[in-house]
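Chemist: So I've got this file, entry-v3.cif, and it contains mmCIF, C-alpha atoms:
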```cif
data_query
#
loop_
_atom_site.group_PDB
_atom_site.id
_atom_site.type_symbol
_atom_site.label_atom_id
_atom_site.label_comp_id
_atom_site.auth_asym_id
_atom_site.auth_seq_id
_atom_site.Cartn_x
_atom_site.Cartn_y
_atom_site.Cartn_z
ATOM 1 C CA MET A 999 2.380 -83.846 -11.322
ATOM 2 C CA TYR A 1000 5.866 -83.606 -12.865
ATOM 3 C CA ARG A 1001 5.009 -80.263 -14.464
ATOM 4 C CA LYS A 1002 3.879 -78.719 -11.171
ATOM 5 C CA TRP A 1003 7.004 -79.986 -9.451
ATOM 6 C CA LEU A 1004 9.228 -78.577 -12.214
ATOM 7 C CA ILE A 1005 7.549 -75.154 -12.051
ATOM 8 C CA ARG A 1006 7.814 -75.021 -8.229
ATOM 9 C CA LEU A 1007 11.467 -76.001 -8.340
ATOM 10 C CA ALA A 1008 12.204 -73.412 -11.000
ATOM 11 C CA MET A 1009 10.480 -70.644 -9.021
ATOM 12 C CA LEU A 1010 12.369 -71.549 -5.839
ATOM 13 C CA LEU A 1011 15.715 -71.668 -7.595
ATOM 14 C CA LEU A 1012 15.223 -68.760 -10.007
ATOM 15 C CA PRO A 1013 17.093 -66.189 -7.870
ATOM 16 C CA LEU A 1014 20.065 -68.557 -7.527
ATOM 17 C CA GLY A 1015 20.019 -69.248 -11.254
ATOM 18 C CA LEU A 1016 20.127 -65.537 -12.046
ATOM 19 C CA LEU A 1017 23.183 -65.122 -9.834
ATOM 20 C CA ALA A 1018 24.864 -68.192 -11.327
ATOM 21 C CA GLY A 1019 24.209 -66.911 -14.837
ATOM 22 C CA CYS A 1020 26.396 -63.907 -14.041
ATOM 23 C CA SER A 1021 29.397 -66.070 -13.134
ATOM 24 C CA SER A 1022 29.958 -67.914 -16.416
ATOM 25 C CA VAL A 1023 33.556 -68.859 -17.323
ATOM 26 C CA ASP A 1024 35.056 -66.958 -20.257
ATOM 27 C CA ILE A 1025 36.394 -69.356 -22.931
ATOM 28 C CA GLU A 1026 39.444 -67.086 -23.351
ATOM 29 C CA ARG A 1027 40.603 -68.289 -19.922
ATOM 30 C CA TYR A 1028 41.772 -71.445 -21.750
ATOM 31 C CA ALA A 1029 43.699 -69.692 -24.548
ATOM 32 C CA GLY A 1030 47.205 -71.095 -24.734
ATOM 33 C CA THR A 1031 46.365 -74.367 -22.994
ATOM 34 C CA THR A 1032 47.251 -77.658 -24.621
ATOM 35 C CA PRO A 1033 46.512 -79.887 -26.314
ATOM 36 C CA ARG A 1034 44.793 -77.432 -28.651
ATOM 37 C CA LEU A 1035 41.260 -78.420 -29.647
ATOM 38 C CA ASP A 1036 39.915 -77.631 -33.092
ATOM 39 C CA ILE A 1037 36.540 -79.321 -33.560
ATOM 40 C CA GLY A 1038 37.046 -79.454 -37.323
ATOM 41 C CA ASP A 1039 40.190 -81.527 -36.915
ATOM 42 C CA TYR A 1040 38.926 -83.580 -33.969
ATOM 43 C CA PHE A 1041 35.620 -84.677 -35.487
ATOM 44 C CA ASP A 1042 36.802 -85.229 -39.078
ATOM 45 C CA GLY A 1043 36.287 -88.994 -39.377
ATOM 46 C CA LYS A 1044 34.619 -91.462 -37.033
ATOM 47 C CA THR A 1045 34.126 -90.886 -33.317
ATOM 48 C CA ARG A 1046 32.412 -92.953 -30.629
ATOM 49 C CA ALA A 1047 31.006 -91.525 -27.391
ATOM 50 C CA TRP A 1048 29.490 -92.743 -24.123
ATOM 51 C CA GLY A 1049 27.289 -90.567 -21.960
ATOM 52 C CA MET A 1050 24.718 -90.161 -19.237
ATOM 53 C CA VAL A 1051 22.029 -87.710 -18.175
ATOM 54 C CA GLN A 1052 21.741 -86.916 -14.468
ATOM 55 C CA ASP A 1053 18.846 -85.056 -12.858
ATOM 56 C CA TYR A 1054 19.198 -82.126 -10.425
ATOM 57 C CA SER A 1055 19.981 -84.515 -7.541
ATOM 58 C CA GLY A 1056 22.720 -86.346 -9.444
ATOM 59 C CA GLU A 1057 20.691 -89.499 -10.103
ATOM 60 C CA VAL A 1058 21.435 -91.060 -13.494
ATOM 61 C CA GLN A 1059 18.280 -90.955 -15.612
ATOM 62 C CA ARG A 1060 19.632 -92.237 -18.942
ATOM 63 C CA ARG A 1061 22.792 -93.708 -20.417
ATOM 64 C CA PHE A 1062 23.658 -93.746 -24.095
ATOM 65 C CA THR A 1063 26.267 -94.286 -26.786
ATOM 66 C CA VAL A 1064 26.787 -92.143 -29.872
ATOM 67 C CA GLU A 1065 28.307 -93.084 -33.218
ATOM 68 C CA ILE A 1066 29.482 -89.963 -35.063
ATOM 69 C CA ASP A 1067 30.474 -89.650 -38.697
ATOM 70 C CA GLY A 1068 32.231 -86.319 -39.187
ATOM 71 C CA ARG A 1069 33.191 -84.692 -42.456
ATOM 72 C CA LEU A 1070 35.266 -81.519 -42.775
ATOM 73 C CA GLU A 1071 34.993 -79.940 -46.219
ATOM 74 C CA GLY A 1072 36.720 -76.581 -46.468
ATOM 75 C CA ASP A 1073 35.381 -74.507 -43.587
ATOM 76 C CA THR A 1074 32.255 -76.643 -42.998
ATOM 77 C CA LEU A 1075 32.074 -79.499 -40.494
ATOM 78 C CA THR A 1076 29.122 -81.910 -40.676
ATOM 79 C CA LEU A 1077 28.463 -84.283 -37.759
ATOM 80 C CA ASP A 1078 25.991 -87.131 -38.234
ATOM 81 C CA GLU A 1079 25.271 -88.324 -34.672
ATOM 82 C CA ARG A 1080 23.360 -91.570 -34.029
ATOM 83 C CA PHE A 1081 22.318 -92.075 -30.391
ATOM 84 C CA THR A 1082 21.382 -95.401 -28.798
ATOM 85 C CA TYR A 1083 19.912 -95.159 -25.285
ATOM 86 C CA ASP A 1084 20.029 -97.860 -22.613
ATOM 87 C CA ASP A 1085 16.274 -98.451 -23.014
ATOM 88 C CA GLY A 1086 16.687 -99.179 -26.754
ATOM 89 C CA GLU A 1087 15.442 -95.809 -28.017
ATOM 90 C CA THR A 1088 17.433 -94.302 -30.878
ATOM 91 C CA ASP A 1089 17.793 -90.739 -32.093
ATOM 92 C CA ARG A 1090 19.726 -88.860 -34.735
ATOM 93 C CA ARG A 1091 21.053 -85.311 -34.817
ATOM 94 C CA ILE A 1092 22.926 -83.750 -37.712
ATOM 95 C CA TRP A 1093 25.054 -80.709 -36.913
ATOM 96 C CA THR A 1094 26.560 -78.426 -39.530
ATOM 97 C CA PHE A 1095 29.239 -76.020 -38.291
ATOM 98 C CA LYS A 1096 30.623 -73.238 -40.481
ATOM 99 C CA ARG A 1097 33.970 -71.741 -39.428
ATOM 100 C CA GLN A 1098 33.730 -67.983 -38.820
ATOM 101 C CA GLY A 1099 37.391 -67.382 -38.048
ATOM 102 C CA GLU A 1100 40.161 -69.195 -36.225
ATOM 103 C CA ASN A 1101 38.193 -69.732 -33.010
ATOM 104 C CA ARG A 1102 34.506 -69.242 -33.919
ATOM 105 C CA TRP A 1103 31.866 -71.424 -35.534
ATOM 106 C CA ILE A 1104 28.170 -71.057 -36.345
ATOM 107 C CA GLY A 1105 26.301 -74.336 -35.864
ATOM 108 C CA ARG A 1106 22.895 -75.588 -36.928
ATOM 109 C CA ALA A 1107 21.160 -78.868 -36.156
ATOM 110 C CA ASN A 1108 17.914 -80.474 -37.249
ATOM 111 C CA ASP A 1109 16.377 -80.264 -33.746
ATOM 112 C CA VAL A 1110 17.991 -77.055 -32.423
ATOM 113 C CA GLU A 1111 15.812 -73.949 -32.620
ATOM 114 C CA GLU A 1112 18.283 -71.300 -33.806
ATOM 115 C CA PRO A 1113 21.813 -70.966 -35.183
ATOM 116 C CA VAL A 1114 24.395 -71.512 -32.437
ATOM 117 C CA GLU A 1115 27.524 -69.438 -31.888
ATOM 118 C CA ALA A 1116 30.368 -71.676 -30.758
ATOM 119 C CA ARG A 1117 33.863 -70.719 -29.609
ATOM 120 C CA GLN A 1118 37.068 -72.590 -28.980
ATOM 121 C CA ALA A 1119 40.278 -71.595 -27.174
ATOM 122 C CA GLY A 1120 43.203 -73.796 -26.175
ATOM 123 C CA HIS A 1121 41.880 -77.198 -25.115
ATOM 124 C CA ALA A 1122 38.248 -76.003 -24.691
ATOM 125 C CA PHE A 1123 35.138 -75.517 -26.835
ATOM 126 C CA THR A 1124 31.788 -74.050 -25.784
ATOM 127 C CA MET A 1125 28.345 -73.312 -27.186
ATOM 128 C CA ARG A 1126 24.948 -72.460 -25.740
ATOM 129 C CA TYR A 1127 21.686 -73.363 -27.471
ATOM 130 C CA ARG A 1128 17.983 -74.032 -26.952
ATOM 131 C CA LEU A 1129 16.749 -77.595 -27.430
ATOM 132 C CA PRO A 1130 13.171 -78.893 -27.145
ATOM 133 C CA VAL A 1131 13.101 -82.158 -25.138
ATOM 134 C CA GLU A 1132 10.162 -84.450 -24.463
ATOM 135 C CA VAL A 1133 9.646 -84.895 -20.708
ATOM 136 C CA SER A 1134 6.760 -87.051 -19.467
ATOM 137 C CA GLY A 1135 4.909 -86.678 -22.776
ATOM 138 C CA ARG A 1136 5.328 -82.904 -22.908
ATOM 139 C CA GLU A 1137 7.867 -80.859 -24.860
ATOM 140 C CA ILE A 1138 10.016 -78.532 -22.740
ATOM 141 C CA THR A 1139 12.658 -76.251 -24.246
ATOM 142 C CA PHE A 1140 15.895 -76.182 -22.263
ATOM 143 C CA THR A 1141 18.944 -73.985 -22.676
ATOM 144 C CA LEU A 1142 22.019 -76.186 -22.970
ATOM 145 C CA ASP A 1143 25.347 -74.774 -21.793
ATOM 146 C CA ASP A 1144 27.814 -77.101 -23.522
ATOM 147 C CA TRP A 1145 31.561 -77.322 -22.708
ATOM 148 C CA MET A 1146 34.131 -79.721 -24.207
ATOM 149 C CA TYR A 1147 37.685 -80.271 -22.947
ATOM 150 C CA LEU A 1148 40.380 -82.128 -24.913
ATOM 151 C CA GLN A 1149 42.497 -84.391 -22.719
ATOM 152 C CA PRO A 1150 46.203 -85.161 -23.263
ATOM 153 C CA ASP A 1151 45.343 -88.755 -24.312
ATOM 154 C CA GLY A 1152 43.089 -87.512 -27.153
ATOM 155 C CA ARG A 1153 39.756 -88.169 -25.452
ATOM 156 C CA LEU A 1154 37.269 -85.323 -25.309
ATOM 157 C CA ILE A 1155 35.102 -84.766 -22.216
ATOM 158 C CA ASN A 1156 31.796 -82.932 -22.682
ATOM 159 C CA ARG A 1157 29.813 -81.447 -19.768
ATOM 160 C CA THR A 1158 26.445 -79.884 -20.482
ATOM 161 C CA ALA A 1159 24.097 -78.109 -18.084
ATOM 162 C CA MET A 1160 20.408 -78.320 -19.049
ATOM 163 C CA LYS A 1161 18.759 -75.160 -17.760
ATOM 164 C CA LYS A 1162 15.248 -73.793 -17.487
ATOM 165 C CA PHE A 1163 14.729 -70.239 -16.172
ATOM 166 C CA GLY A 1164 18.485 -70.111 -15.532
ATOM 167 C CA VAL A 1165 18.346 -73.093 -13.154
ATOM 168 C CA THR A 1166 20.283 -76.286 -13.910
ATOM 169 C CA LEU A 1167 17.764 -79.143 -13.818
ATOM 170 C CA ALA A 1168 19.955 -81.834 -15.398
ATOM 171 C CA GLU A 1169 23.528 -82.423 -16.501
ATOM 172 C CA ILE A 1170 24.919 -84.456 -19.379
ATOM 173 C CA THR A 1171 28.406 -85.962 -19.350
ATOM 174 C CA ILE A 1172 29.892 -87.477 -22.534
ATOM 175 C CA VAL A 1173 33.332 -88.935 -23.279
ATOM 176 C CA PHE A 1174 34.379 -88.973 -26.960
ATOM 177 C CA ASP A 1175 37.056 -91.232 -28.430
ATOM 178 C CA ARG A 1176 38.189 -91.085 -32.044
ATOM 179 C CA THR A 1177 38.094 -94.387 -33.874
ATOM 180 C CA PRO A 1178 40.707 -95.417 -36.448
#
```
Using structure tokens, write down the structure that the file contains.

Modeler:
Amino acid sequence: MYRKWLIRLAMLLLPLGLLAGCSSVDIERYAGTTPRLDIGDYFDGKTRAWGMVQDYSGEVQRRFTVEIDGRLEGDTLTLDERFTYDDGETDRRIWTFKRQGENRWIGRANDVEEPVEARQAGHAFTMRYRLPVEVSGREITFTLDDWMYLQPDGRLINRTAMKKFGVTLAEITIVFDRTP
């Protein structure tokens, strides 16, 4: 039932998704903005985050917290993320980012299909990657369009669009706060 609905929705919205895919924001738009975000500096140490997943209609489907242990060694950032969902489920993702220049990183994670090119400029950071997610007992691979924005108070806001066939089917919002 859910699968048929998802396929129908994707087919109806595919033309809109193709148009929307052409209007992506260029990260360089944020060059020169402050405060400047460098993920190596921001995530070196302990960070706590709170988030939610909303479906295409805006209804909250899941809420979660994340405990992150970050370690910057030279030009490599390792993030050990431990998720706890509101239903008690837990998950773990380990990211390794290797700096490729002042504003570029290549990231890899245990559950992400391919290496990820990430870019940062001014107060913003972005990356796009494919992630398999279990939905109603079936694995579906989504493309995640991930954007982070550093706020003047030091918090980091993350907005992620979960897309299939270019159509946003869910959105994730996360707020990060560094812990002393």

Chemist: Taking the file as shown, find all residues satisfying the PyMOL selection byres ((chain A and resi 1130-1140) around 8) and write them as a PyMOL selection string.

Modeler: chain A and resi 1000+1109-1111+1128-1129+1141-1142+1160-1162

Chemist: Using the chain letters and numbers from the file, which residues does the PyMOL selection byres ((chain A and resi 1170) around 8) grab, as a PyMOL selection string?

Modeler: chain A and resi 1049-1052+1156-1160+1168-1169+1171-1172

Chemist: So how far away is CA of Gln1149 in chain A from CA of Asp1078 in chain A, in Å?

Modeler: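 Interatomic distance here is 22.8 Å.
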
Chemist: Considering only C-alpha atoms, return as a PDB file with C-alpha atoms, keeping the file's coordinate frame whatever protein or nucleic-acid residues lie within 6 Å of range 1036-1047 of chain A, sequence-local ones (same chain, fewer than 3 positions apart) excluded.

Modeler:
```
ATOM      1  CA  THR A1063      26.267 -94.286 -26.786  1.00  0.00           C
ATOM      2  CA  VAL A1064      26.787 -92.143 -29.872  1.00  0.00           C
ATOM      3  CA  GLU A1065      28.307 -93.084 -33.218  1.00  0.00           C
ATOM      4  CA  ILE A1066      29.482 -89.963 -35.063  1.00  0.00           C
ATOM      5  CA  ASP A1067      30.474 -89.650 -38.697  1.00  0.00           C
ATOM      6  CA  GLY A1068      32.231 -86.319 -39.187  1.00  0.00           C
ATOM      7  CA  ARG A1069      33.191 -84.692 -42.456  1.00  0.00           C
ATOM      8  CA  LEU A1070      35.266 -81.519 -42.775  1.00  0.00           C
ATOM      9  CA  LEU A1075      32.074 -79.499 -40.494  1.00  0.00           C
ATOM     10  CA  VAL A1173      33.332 -88.935 -23.279  1.00  0.00           C
ATOM     11  CA  PHE A1174      34.379 -88.973 -26.960  1.00  0.00           C
ATOM     12  CA  ASP A1175      37.056 -91.232 -28.430  1.00  0.00           C
ATOM     13  CA  ARG A1176      38.189 -91.085 -32.044  1.00  0.00           C
ATOM     14  CA  THR A1177      38.094 -94.387 -33.874  1.00  0.00           C
TER      15      THR A1177
END
```

Chemist: Could you check how far CA of Met1146 in chain A sits from CA of Gly1030 in chain A, in Å to one decimal?

Modeler: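 CA of Met1146 in chain A sits 15.7 Å away from CA of Gly1030 in chain A.
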
Chemist: What does the distance between CA of Val1023 in chain A and CA of Ile1155 in chain A come to in Å, to one decimal place?

Modeler: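 CA of Ile1155 in chain A lies 16.7 Å from CA of Val1023 in chain A.
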
Chemist: Contacts of Arg1091 in chain A at 9 Å or less, counting only C-alpha atoms, minus same-chain residues fewer than 5 places along, as a PyMOL selection string?

Modeler: chain A and resi 1077-1081+1107-1109

Chemist: Which residue gives the smallest distance to Thr1032 in chain A among A:Gly1120, A:Gly1152, A:Gly1164, A:Pro1178, with all atoms listed in the file counted?

Modeler: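 The closest residue to Thr1032 in chain A is A:Gly1120.
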
Chemist: Determine the nearest neighbour of Ser1022 in chain A from the options A:Arg1126, A:Arg1097, A:Arg1102, A:Arg1153, counting only C-alpha atoms.

Modeler: A:Arg1126
